[in-house]
Amino acid sequence: MGEMGGSDRDTGMRSVAVALLLIGSILLAGCSDKGSPSNTLQVIAAGSLLAPFAEAEQEFEASHPGVDVRIEGHGSIQVIRQVTDLGRKADVIAVADESLIPDLMYRPMKNSSQNFTDWYQPISTNEMVIAYTNKSLYHEEIGPENWHRILSRPDVRVGFSNPMLDAAGYRSLMVLQLAEEEYSDPTLFETIVTDHFPSTITVSAEGTVTTISLPEIMRPSDDKVVIRDGSIYLLSLLTAGGIDYAIEYRSVAEGMNLSFIPLPASINLGSAEYADRYNDVTVVLGFPRFSSIGSERNGRPVVYAVTIPANAPNPELAREFIEFIASESAKGRPGWPASLEERAFL
Amino acid sequence: MRFHERFAEKNRRYSGNSLAVFWIPGMILVGIIVMALLVIAIPVLRNPEYLAGAASDPVVFQAFLVTFLAGFCAVGILAITGTPLAYALSRTDAPWKGIVETLVDIPLVLPHTVAGLMVYLLFMSRGLLGAPLGEIGLTFEDAFPGIVAAMVFVSIPYYVNAVREGFGRVPVQLENVARSLGASPIRAFVSVTLPLTTRHIMYGALLAWGRAIGEFAAVIMIAYFPVVISTLIYYRFNTGGIAESQAIAFLLILLCLVLFFVFRFLTRRAGVYDDRS
């Protein structure tokens, strides 16, 4: 070493100093981010709410100068897991199925006796439609009267999102099952769904209630039916022309400028009047062992709901945002999930 | 020769003294990787029932099998098509070389969902390539070949660039000597250039394989089934929560550590000649 050692140590020290500076500045950056909590609003929302919430973000920020609304989208179950499993702090949680909040959030937080939340507020509703494009097979023929026969044709490809991950997924199955009775077509569900999942999906009837049991991994045996994680992937496939028809929310189809066939209120899950009828279908999800979620989904009207987690950094602002969303939803804006009042929920 | 080796040896030891300057900042990166591994490993080892559950779950086993096999197939296809491409790129002076190089780099910069959509449009059963290939019985949608197609697409630049770098280091004179001794261009390539590039080929294959098995967005667009490991981790996070997905991620890390280690051990002597510079 000798003389060389001295200069070595100097350079060594210098790089230590540089490294410390670097770490310090990273930490500082992290702190300064948290330094001004009063004007950042973290919103985690279901995918089908992203487009309307993006509009709401602009309007809310315009009426609340200095406020930064940050919106992040996932499937509804994953929205909740961001808070309950990943321990992330969010101000507003918005999901496409109100029953998910009590199921997953009415339980104590880690190292606390307080629950993640003890309330939720229903804000809007939606209905299922059959979305398609002008590339879809038989798009010139399809209409509200014959859609179930077109979807049953062997060369037509139908897509829906994974029922295990996405509320729109199990709702699609419910719609198809309800359609059997509506159109007096007792093999409809079989032709479009069960036949393409040999012996893994079972349908059983008890009294008026039909129960659809799903396997853990829903892998179709042929290419008639296509399953994807959620709307984004499904609609990419639809617009690419890989599938012909997708069962989607009306607001999503409208927001994406897709053509769609509206369905009768008795099967579209969008009307409070028919709640009893919807309740005749139950989907049992094939969750694996350690699952923390109720695997039985009963047919019920689509109701979107919001809540503020108990550990939200900015609950007052969150409250204001929720009020804004609720009042805007009540107006029934285009591309937004529909007003609860308008659909006789209130 | 012996003198040369001793000189190299001495040289290496001497430079070791002043490496601290480089180690200290470098260790920040290594430290981050180690900490990232620990934050996954500690909760998993604290709740071993999840780990045992994942390790004995046939769905998990099948997902690993599919992922690793598809990764190997992707690397095989890259080796057959990417190696000649890398060689051609390293030896040509054609004016359009830059265009080809840029094209090869494209998958590197594309968001993976976009890459996935491109693969889907091309290979779906009504797609440009998917339709004719479907005629001869090769389907990509929700099938093993679809996974391989997506994996190949996203890992092209990793393989081609690493191997081209290797070919670039083989002196053209060596090939010319072989040619002057009567070897055909193919023979010169196979018996002179290729062996000297082994290490880079191995490295490119490892990079491409690692990239391939980690791919998520591009794969699920074309082939949601059979489930690859990244799809399963995401899926289990949603259905079962973080503990289940961490257990699978932990298994993935263990398997990859073993595979990478075995790989480094097996290839430690491979292609040492191109280490000379």
# chains A, B, ... in the order shown; residues from 1 in each chain; ligands from 1
>>> residues_around(residues="Phe216 in chain B", least_positions_apart="4", cutoff="9 Å", atoms="only C-alpha atoms", output="list in words")
His112, Thr113, Ala212, Ile220, Met221, Val228, Ile229, Ser230 and Thr231 of chain B
>>> write_last_selection(atoms="N, CA, C and O atoms", output="PDB file, in the first residue's frame")
ATOM      1  N   HIS B 112     -44.887  -3.032 -22.434  1.00  0.00           N
ATOM      2  CA  HIS B 112     -45.139  -4.457 -22.687  1.00  0.00           C
ATOM      3  C   HIS B 112     -46.564  -4.757 -23.115  1.00  0.00           C
ATOM      4  O   HIS B 112     -46.814  -5.719 -23.818  1.00  0.00           O
ATOM      5  N   THR B 113     -47.511  -3.896 -22.699  1.00  0.00           N
ATOM      6  CA  THR B 113     -48.880  -4.127 -23.160  1.00  0.00           C
ATOM      7  C   THR B 113     -48.963  -3.894 -24.666  1.00  0.00           C
ATOM      8  O   THR B 113     -49.705  -4.576 -25.366  1.00  0.00           O
ATOM      9  N   ALA B 212     -37.556 -13.580 -20.746  1.00  0.00           N
ATOM     10  CA  ALA B 212     -38.720 -14.325 -21.227  1.00  0.00           C
ATOM     11  C   ALA B 212     -39.571 -14.840 -20.071  1.00  0.00           C
ATOM     12  O   ALA B 212     -40.788 -14.660 -20.060  1.00  0.00           O
ATOM     13  N   ILE B 220     -49.916 -12.429 -21.399  1.00  0.00           N
ATOM     14  CA  ILE B 220     -51.336 -12.633 -21.109  1.00  0.00           C
ATOM     15  C   ILE B 220     -52.237 -12.075 -22.190  1.00  0.00           C
ATOM     16  O   ILE B 220     -53.399 -12.425 -22.267  1.00  0.00           O
ATOM     17  N   MET B 221     -51.699 -11.205 -23.044  1.00  0.00           N
ATOM     18  CA  MET B 221     -52.540 -10.693 -24.126  1.00  0.00           C
ATOM     19  C   MET B 221     -52.863 -11.821 -25.107  1.00  0.00           C
ATOM     20  O   MET B 221     -54.005 -12.002 -25.502  1.00  0.00           O
ATOM     21  N   VAL B 228     -48.717 -18.871 -17.071  1.00  0.00           N
ATOM     22  CA  VAL B 228     -47.297 -18.772 -16.751  1.00  0.00           C
ATOM     23  C   VAL B 228     -47.148 -18.255 -15.328  1.00  0.00           C
ATOM     24  O   VAL B 228     -48.106 -17.781 -14.727  1.00  0.00           O
ATOM     25  N   ILE B 229     -45.914 -18.318 -14.823  1.00  0.00           N
ATOM     26  CA  ILE B 229     -45.726 -18.066 -13.401  1.00  0.00           C
ATOM     27  C   ILE B 229     -46.061 -16.627 -13.013  1.00  0.00           C
ATOM     28  O   ILE B 229     -46.630 -16.377 -11.952  1.00  0.00           O
ATOM     29  N   SER B 230     -45.744 -15.659 -13.895  1.00  0.00           N
ATOM     30  CA  SER B 230     -46.050 -14.270 -13.540  1.00  0.00           C
ATOM     31  C   SER B 230     -47.568 -14.046 -13.515  1.00  0.00           C
ATOM     32  O   SER B 230     -48.073 -13.305 -12.675  1.00  0.00           O
ATOM     33  N   THR B 231     -48.295 -14.697 -14.422  1.00  0.00           N
ATOM     34  CA  THR B 231     -49.755 -14.600 -14.394  1.00  0.00           C
ATOM     35  C   THR B 231     -50.295 -15.187 -13.100  1.00  0.00           C
ATOM     36  O   THR B 231     -51.180 -14.621 -12.460  1.00  0.00           O
TER      37      THR B 231
END
>>> closest_atom_pairs(of="chain B", to="chain A", cutoff="7 Å", atoms="only C-alpha atoms", output="Markdown table")
| residue | atom | partner | partner_atom | distance |
| --- | --- | --- | --- | --- |
| B:Ser18 | CA | A:Asp8 | CA | 6.2 |
| B:Ala20 | CA | A:Gly12 | CA | 6.3 |
| B:Val21 | CA | A:Gly12 | CA | 4.8 |
| B:Ile24 | CA | A:Val16 | CA | 6.7 |
| B:Pro25 | CA | A:Ala19 | CA | 5.9 |
| B:Leu121 | CA | A:Ala240 | CA | 6.5 |
| B:Met124 | CA | A:Gly242 | CA | 6.3 |
| B:Arg126 | CA | A:Gly242 | CA | 6.5 |
| B:Met221 | CA | A:Tyr233 | CA | 6.5 |
| B:Tyr224 | CA | A:Arg228 | CA | 6.5 |
| B:Phe225 | CA | A:Arg219 | CA | 6.3 |
| B:Asn238 | CA | A:Gln78 | CA | 5.5 |
| B:Thr239 | CA | A:Ser291 | CA | 6.3 |
| B:Gly240 | CA | A:Ser291 | CA | 4.3 |
| B:Gly241 | CA | A:Asp85 | CA | 6.3 |
| B:Ile242 | CA | A:Asp85 | CA | 5.8 |
>>> write_last_selection(atoms="C-alpha atoms", output="mmCIF file, in the first residue's frame")
data_model
loop_
_atom_site.group_PDB
_atom_site.id
_atom_site.type_symbol
_atom_site.label_atom_id
_atom_site.label_comp_id
_atom_site.auth_asym_id
_atom_site.auth_seq_id
_atom_site.Cartn_x
_atom_site.Cartn_y
_atom_site.Cartn_z
ATOM 1 C CA SER B 18 -7.840 0.087 -5.155
ATOM 2 C CA ALA B 20 -12.768 -0.181 -2.633
ATOM 3 C CA VAL B 21 -13.573 3.018 -4.491
ATOM 4 C CA ILE B 24 -18.651 1.128 -2.111
ATOM 5 C CA PRO B 25 -21.035 2.790 -4.575
ATOM 6 C CA LEU B 121 -52.615 -8.874 -33.744
ATOM 7 C CA MET B 124 -54.310 -14.343 -33.127
ATOM 8 C CA ARG B 126 -57.532 -14.278 -37.400
ATOM 9 C CA MET B 221 -52.540 -10.693 -24.126
ATOM 10 C CA TYR B 224 -53.785 -16.152 -20.726
ATOM 11 C CA PHE B 225 -53.668 -19.956 -20.657
ATOM 12 C CA ASN B 238 -55.918 -11.075 -6.309
ATOM 13 C CA THR B 239 -57.652 -14.226 -5.200
ATOM 14 C CA GLY B 240 -55.664 -15.227 -2.134
ATOM 15 C CA GLY B 241 -53.787 -12.132 -1.057
ATOM 16 C CA ILE B 242 -50.156 -11.171 -0.778
#
>>> residues_around(residues="range 264-273 of chain A", least_positions_apart="5", cutoff="7 Å", atoms="only C-alpha atoms", output="list in words")
Thr125, Asn126, Glu127, Met128, Val175, Leu178, Ala179, Tyr278, Arg300, Pro301, Val302, Arg343, Ala344 and Phe345 of chain A
>>> residues_around(residues="range 40-42 of chain A", least_positions_apart="5", cutoff="6 Å", atoms="only C-alpha atoms", output="list in words")
Val67, Asp68, Val69, Arg70, Ala90 and Asp91 of chain A
>>> residues_around(residues="Glu59 in chain A", least_positions_apart="4", cutoff="12 Å", atoms="only C-alpha atoms", output="ChimeraX atom specification")
/A:52-55,63-65,67-69,321,324-325,328
>>> write_last_selection(atoms="all heavy atoms", output="mmCIF file, in the first residue's frame")
data_model
loop_
_atom_site.group_PDB
_atom_site.id
_atom_site.type_symbol
_atom_site.label_atom_id
_atom_site.label_comp_id
_atom_site.auth_asym_id
_atom_site.auth_seq_id
_atom_site.Cartn_x
_atom_site.Cartn_y
_atom_site.Cartn_z
ATOM 1 N N PRO A 52 -64.559 8.071 -16.155
ATOM 2 C CA PRO A 52 -65.291 9.130 -15.465
ATOM 3 C C PRO A 52 -64.472 9.813 -14.372
ATOM 4 O O PRO A 52 -64.572 11.033 -14.204
ATOM 5 C CB PRO A 52 -66.498 8.400 -14.857
ATOM 6 C CG PRO A 52 -66.302 6.963 -15.073
ATOM 7 C CD PRO A 52 -65.306 6.799 -16.164
ATOM 8 N N PHE A 53 -63.645 9.043 -13.651
ATOM 9 C CA PHE A 53 -62.852 9.656 -12.587
ATOM 10 C C PHE A 53 -61.787 10.593 -13.155
ATOM 11 O O PHE A 53 -61.379 11.547 -12.491
ATOM 12 C CB PHE A 53 -62.206 8.579 -11.696
ATOM 13 C CG PHE A 53 -63.107 8.125 -10.569
ATOM 14 C CD1 PHE A 53 -64.488 8.138 -10.715
ATOM 15 C CD2 PHE A 53 -62.574 7.693 -9.357
ATOM 16 C CE1 PHE A 53 -65.329 7.731 -9.682
ATOM 17 C CE2 PHE A 53 -63.401 7.281 -8.314
ATOM 18 C CZ PHE A 53 -64.770 7.302 -8.474
ATOM 19 N N ALA A 54 -61.313 10.313 -14.369
ATOM 20 C CA ALA A 54 -60.341 11.214 -14.981
ATOM 21 C C ALA A 54 -60.996 12.567 -15.248
ATOM 22 O O ALA A 54 -60.381 13.620 -15.043
ATOM 23 C CB ALA A 54 -59.799 10.621 -16.272
ATOM 24 N N GLU A 55 -62.262 12.549 -15.671
ATOM 25 C CA GLU A 55 -63.002 13.812 -15.845
ATOM 26 C C GLU A 55 -63.193 14.487 -14.495
ATOM 27 O O GLU A 55 -62.975 15.691 -14.347
ATOM 28 C CB GLU A 55 -64.383 13.538 -16.465
ATOM 29 C CG GLU A 55 -64.335 13.079 -17.903
ATOM 30 C CD GLU A 55 -65.724 12.675 -18.429
ATOM 31 O OE1 GLU A 55 -66.744 13.226 -17.938
ATOM 32 O OE2 GLU A 55 -65.782 11.809 -19.311
ATOM 33 N N SER A 63 -61.739 23.192 -9.185
ATOM 34 C CA SER A 63 -62.482 23.881 -8.123
ATOM 35 C C SER A 63 -61.743 23.863 -6.791
ATOM 36 O O SER A 63 -62.176 24.488 -5.831
ATOM 37 C CB SER A 63 -63.877 23.258 -7.963
ATOM 38 O OG SER A 63 -63.742 21.909 -7.589
ATOM 39 N N HIS A 64 -60.646 23.083 -6.706
ATOM 40 C CA HIS A 64 -59.837 23.045 -5.478
ATOM 41 C C HIS A 64 -58.391 23.357 -5.839
ATOM 42 O O HIS A 64 -57.573 22.437 -5.951
ATOM 43 C CB HIS A 64 -59.910 21.676 -4.803
ATOM 44 C CG HIS A 64 -61.262 21.344 -4.285
ATOM 45 N ND1 HIS A 64 -62.323 21.025 -5.097
ATOM 46 C CD2 HIS A 64 -61.734 21.288 -3.012
ATOM 47 C CE1 HIS A 64 -63.390 20.785 -4.351
ATOM 48 N NE2 HIS A 64 -63.062 20.937 -3.083
ATOM 49 N N PRO A 65 -58.042 24.629 -6.023
ATOM 50 C CA PRO A 65 -56.686 24.982 -6.458
ATOM 51 C C PRO A 65 -55.621 24.412 -5.510
ATOM 52 O O PRO A 65 -55.820 24.426 -4.295
ATOM 53 C CB PRO A 65 -56.671 26.508 -6.428
ATOM 54 C CG PRO A 65 -58.106 26.917 -6.440
ATOM 55 C CD PRO A 65 -58.870 25.807 -5.791
ATOM 56 N N VAL A 67 -54.817 21.347 -5.197
ATOM 57 C CA VAL A 67 -55.060 19.939 -4.882
ATOM 58 C C VAL A 67 -54.621 19.068 -6.043
ATOM 59 O O VAL A 67 -54.884 19.381 -7.204
ATOM 60 C CB VAL A 67 -56.554 19.689 -4.579
ATOM 61 C CG1 VAL A 67 -56.847 18.197 -4.503
ATOM 62 C CG2 VAL A 67 -56.943 20.378 -3.279
ATOM 63 N N ASP A 68 -53.896 17.999 -5.717
ATOM 64 C CA ASP A 68 -53.470 17.054 -6.755
ATOM 65 C C ASP A 68 -54.186 15.725 -6.517
ATOM 66 O O ASP A 68 -53.930 15.053 -5.535
ATOM 67 C CB ASP A 68 -51.948 16.868 -6.695
ATOM 68 C CG ASP A 68 -51.456 15.882 -7.737
ATOM 69 O OD1 ASP A 68 -52.191 15.655 -8.722
ATOM 70 O OD2 ASP A 68 -50.347 15.339 -7.564
ATOM 71 N N VAL A 69 -55.114 15.374 -7.403
ATOM 72 C CA VAL A 69 -55.825 14.105 -7.298
ATOM 73 C C VAL A 69 -55.045 13.061 -8.098
ATOM 74 O O VAL A 69 -54.724 13.287 -9.263
ATOM 75 C CB VAL A 69 -57.264 14.218 -7.847
ATOM 76 C CG1 VAL A 69 -57.982 12.885 -7.725
ATOM 77 C CG2 VAL A 69 -58.024 15.297 -7.097
ATOM 78 N N PHE A 321 -64.294 14.855 -2.093
ATOM 79 C CA PHE A 321 -64.214 14.215 -3.411
ATOM 80 C C PHE A 321 -65.381 13.249 -3.591
ATOM 81 O O PHE A 321 -66.015 13.200 -4.646
ATOM 82 C CB PHE A 321 -62.872 13.484 -3.553
ATOM 83 C CG PHE A 321 -62.644 12.914 -4.934
ATOM 84 C CD1 PHE A 321 -62.312 13.727 -6.004
ATOM 85 C CD2 PHE A 321 -62.756 11.544 -5.160
ATOM 86 C CE1 PHE A 321 -62.113 13.208 -7.276
ATOM 87 C CE2 PHE A 321 -62.555 11.008 -6.428
ATOM 88 C CZ PHE A 321 -62.229 11.848 -7.490
ATOM 89 N N PHE A 324 -68.490 15.087 -4.319
ATOM 90 C CA PHE A 324 -68.465 15.561 -5.698
ATOM 91 C C PHE A 324 -68.825 14.425 -6.667
ATOM 92 O O PHE A 324 -69.675 14.584 -7.540
ATOM 93 C CB PHE A 324 -67.074 16.124 -6.011
ATOM 94 C CG PHE A 324 -66.906 16.567 -7.434
ATOM 95 C CD1 PHE A 324 -67.573 17.702 -7.903
ATOM 96 C CD2 PHE A 324 -66.099 15.864 -8.306
ATOM 97 C CE1 PHE A 324 -67.435 18.110 -9.220
ATOM 98 C CE2 PHE A 324 -65.952 16.264 -9.623
ATOM 99 C CZ PHE A 324 -66.623 17.391 -10.073
ATOM 100 N N ILE A 325 -68.199 13.258 -6.460
ATOM 101 C CA ILE A 325 -68.463 12.107 -7.331
ATOM 102 C C ILE A 325 -69.938 11.703 -7.242
ATOM 103 O O ILE A 325 -70.585 11.445 -8.255
ATOM 104 C CB ILE A 325 -67.583 10.904 -6.900
ATOM 105 C CG1 ILE A 325 -66.117 11.167 -7.205
ATOM 106 C CG2 ILE A 325 -68.049 9.615 -7.556
ATOM 107 C CD1 ILE A 325 -65.775 11.155 -8.666
ATOM 108 N N GLU A 328 -72.129 14.251 -9.059
ATOM 109 C CA GLU A 328 -71.961 14.161 -10.511
ATOM 110 C C GLU A 328 -72.583 12.875 -11.054
ATOM 111 O O GLU A 328 -73.176 12.876 -12.125
ATOM 112 C CB GLU A 328 -70.476 14.224 -10.892
ATOM 113 C CG GLU A 328 -69.832 15.580 -10.685
ATOM 114 C CD GLU A 328 -70.558 16.701 -11.420
ATOM 115 O OE1 GLU A 328 -70.710 16.608 -12.651
ATOM 116 O OE2 GLU A 328 -70.997 17.664 -10.754
#
>>> residues_around(residues="Val219 in chain B", least_positions_apart="3", cutoff="7 Å", atoms="only C-alpha atoms", output="PyMOL selection string")
chain B and resi 116+147+150+215-216+222-224
>>> residues_around(residues="Ile42 in chain B", least_positions_apart="3", cutoff="12 Å", atoms="only C-alpha atoms", output="JSON list (two decimals) with N, CA, C and O atoms, in the first residue's frame")
[["chain", "number", "residue", "atom", "x", "y", "z"],
["B", 34, "VAL", "N", -30.26, -7.35, -2.32],
["B", 34, "VAL", "CA", -30.32, -8.24, -1.15],
["B", 34, "VAL", "C", -31.51, -7.87, -0.27],
["B", 34, "VAL", "O", -32.28, -8.74, 0.17],
["B", 35, "MET", "N", -31.71, -6.57, -0.06],
["B", 35, "MET", "CA", -32.83, -6.16, 0.79],
["B", 35, "MET", "C", -34.16, -6.54, 0.15],
["B", 35, "MET", "O", -35.08, -6.99, 0.84],
["B", 36, "ALA", "N", -34.23, -6.38, -1.18],
["B", 36, "ALA", "CA", -35.47, -6.74, -1.88],
["B", 36, "ALA", "C", -35.76, -8.23, -1.71],
["B", 36, "ALA", "O", -36.90, -8.64, -1.52],
["B", 37, "LEU", "N", -34.70, -9.05, -1.76],
["B", 37, "LEU", "CA", -34.88, -10.49, -1.56],
["B", 37, "LEU", "C", -35.34, -10.77, -0.13],
["B", 37, "LEU", "O", -36.23, -11.59, 0.10],
["B", 38, "LEU", "N", -34.75, -10.03, 0.82],
["B", 38, "LEU", "CA", -35.10, -10.28, 2.22],
["B", 38, "LEU", "C", -36.56, -9.92, 2.51],
["B", 38, "LEU", "O", -37.24, -10.64, 3.23],
["B", 39, "VAL", "N", -37.04, -8.82, 1.94],
["B", 39, "VAL", "CA", -38.42, -8.44, 2.27],
["B", 39, "VAL", "C", -39.42, -9.44, 1.70],
["B", 39, "VAL", "O", -40.55, -9.52, 2.17],
["B", 45, "LEU", "N", -40.79, -17.06, 5.02],
["B", 45, "LEU", "CA", -40.22, -18.04, 5.94],
["B", 45, "LEU", "C", -40.92, -18.00, 7.31],
["B", 45, "LEU", "O", -40.94, -18.97, 8.04],
["B", 46, "ARG", "N", -41.51, -16.86, 7.64],
["B", 46, "ARG", "CA", -42.26, -16.77, 8.90],
["B", 46, "ARG", "C", -43.57, -17.55, 8.83],
["B", 46, "ARG", "O", -44.06, -18.02, 9.85],
["B", 47, "ASN", "N", -44.16, -17.60, 7.65],
["B", 47, "ASN", "CA", -45.41, -18.35, 7.47],
["B", 47, "ASN", "C", -45.18, -19.52, 6.54],
["B", 47, "ASN", "O", -45.64, -19.50, 5.40],
["B", 48, "PRO", "N", -44.45, -20.52, 7.00],
["B", 48, "PRO", "CA", -44.05, -21.58, 6.07],
["B", 48, "PRO", "C", -45.22, -22.37, 5.50],
["B", 48, "PRO", "O", -45.06, -23.06, 4.50],
["B", 51, "LEU", "N", -45.70, -21.37, 2.01],
["B", 51, "LEU", "CA", -44.63, -21.90, 1.16],
["B", 51, "LEU", "C", -44.87, -23.37, 0.87],
["B", 51, "LEU", "O", -44.78, -23.82, -0.29],
["B", 243, "ALA", "N", -49.78, -13.01, 0.80],
["B", 243, "ALA", "CA", -48.97, -14.10, 1.36],
["B", 243, "ALA", "C", -48.83, -15.23, 0.34],
["B", 243, "ALA", "O", -47.74, -15.79, 0.17],
["B", 246, "GLN", "N", -46.56, -14.08, -2.58],
["B", 246, "GLN", "CA", -45.15, -14.01, -2.16],
["B", 246, "GLN", "C", -44.51, -15.39, -2.09],
["B", 246, "GLN", "O", -43.35, -15.56, -2.44],
["B", 247, "ALA", "N", -45.29, -16.36, -1.64],
["B", 247, "ALA", "CA", -44.75, -17.71, -1.54],
["B", 247, "ALA", "C", -44.32, -18.22, -2.91],
["B", 247, "ALA", "O", -43.25, -18.82, -3.06],
["B", 250, "PHE", "N", -41.26, -16.35, -4.09],
["B", 250, "PHE", "CA", -40.09, -16.84, -3.38],
["B", 250, "PHE", "C", -39.57, -18.13, -4.04],
["B", 250, "PHE", "O", -38.36, -18.30, -4.24]]
>>> atom_distance(atom1="CA of Gly299 in chain A", atom2="CA of Thr239 in chain A")
28.9 Å
>>> closest_residue(among="A:Glu206, A:Asp244, A:Glu141, A:Glu190", to="Gln177 in chain A", atoms="only C-alpha atoms")
A:Glu190
>>> select_by_dssp(residues="range 58-266 of chain A", states="alpha helix (DSSP H)", output="ChimeraX atom specification")
/A:58-63,76-84,100-105,147-152,167-182,188-192,231-240,250-255
>>> write_last_selection(atoms="C-alpha atoms", output="tab-separated table (two decimals), in the first residue's frame")
chain	number	residue	atom	x	y	z
A	58	GLN	CA	-59.86	17.70	-13.73
A	59	GLU	CA	-63.04	19.33	-12.48
A	60	PHE	CA	-62.22	18.71	-8.82
A	61	GLU	CA	-58.70	20.10	-9.22
A	62	ALA	CA	-60.11	23.14	-11.01
A	63	SER	CA	-62.48	23.88	-8.12
A	76	SER	CA	-62.23	-4.15	-7.86
A	77	ILE	CA	-60.80	-6.90	-5.64
A	78	GLN	CA	-57.28	-5.70	-6.30
A	79	VAL	CA	-58.28	-2.13	-5.51
A	80	ILE	CA	-59.09	-3.26	-1.97
A	81	ARG	CA	-55.98	-5.42	-1.69
A	82	GLN	CA	-53.80	-2.38	-2.34
A	83	VAL	CA	-54.92	-1.19	1.10
A	84	THR	CA	-55.55	-4.41	3.02
A	100	LEU	CA	-66.76	-6.36	-1.67
A	101	ILE	CA	-66.18	-3.62	0.90
A	102	PRO	CA	-67.86	-5.39	3.87
A	103	ASP	CA	-66.41	-8.73	2.67
A	104	LEU	CA	-62.82	-7.55	2.56
A	105	MET	CA	-62.50	-4.37	4.59
A	147	TRP	CA	-78.25	-11.65	-29.79
A	148	HIS	CA	-78.41	-14.91	-27.82
A	149	ARG	CA	-78.76	-16.94	-31.02
A	150	ILE	CA	-75.88	-15.08	-32.69
A	151	LEU	CA	-73.61	-15.60	-29.66
A	152	SER	CA	-74.50	-19.31	-29.74
A	167	ALA	CA	-66.90	-8.33	-10.99
A	168	ALA	CA	-67.81	-7.90	-14.67
A	169	GLY	CA	-66.68	-11.51	-15.16
A	170	TYR	CA	-69.13	-13.21	-12.78
A	171	ARG	CA	-71.81	-10.75	-13.80
A	172	SER	CA	-71.40	-11.87	-17.45
A	173	LEU	CA	-72.09	-15.46	-16.41
A	174	MET	CA	-75.16	-14.35	-14.46
A	175	VAL	CA	-76.51	-12.49	-17.49
A	176	LEU	CA	-76.12	-15.53	-19.73
A	177	GLN	CA	-77.81	-17.75	-17.16
A	178	LEU	CA	-80.71	-15.30	-16.68
A	179	ALA	CA	-81.08	-15.09	-20.46
A	180	GLU	CA	-82.02	-18.79	-20.60
A	181	GLU	CA	-85.31	-18.10	-18.94
A	182	GLU	CA	-85.84	-14.72	-20.55
A	188	LEU	CA	-78.03	-21.10	-23.94
A	189	PHE	CA	-75.57	-21.21	-21.04
A	190	GLU	CA	-74.41	-24.65	-22.05
A	191	THR	CA	-73.83	-23.65	-25.67
A	192	ILE	CA	-71.96	-20.43	-24.93
A	231	SER	CA	-61.72	-4.86	-19.35
A	232	ILE	CA	-58.49	-3.39	-20.69
A	233	TYR	CA	-57.31	-6.70	-22.09
A	234	LEU	CA	-60.75	-7.82	-23.21
A	235	LEU	CA	-61.48	-4.60	-25.05
A	236	SER	CA	-58.04	-4.69	-26.69
A	237	LEU	CA	-58.95	-8.09	-28.05
A	238	LEU	CA	-62.37	-6.85	-29.15
A	239	THR	CA	-61.03	-3.81	-30.99
A	240	ALA	CA	-58.23	-5.90	-32.51
A	250	ARG	CA	-72.76	-0.08	-20.60
A	251	SER	CA	-70.74	2.94	-19.40
A	252	VAL	CA	-67.51	1.29	-20.56
A	253	ALA	CA	-68.93	0.45	-24.00
A	254	GLU	CA	-70.21	4.04	-24.31
A	255	GLY	CA	-66.95	5.52	-23.08
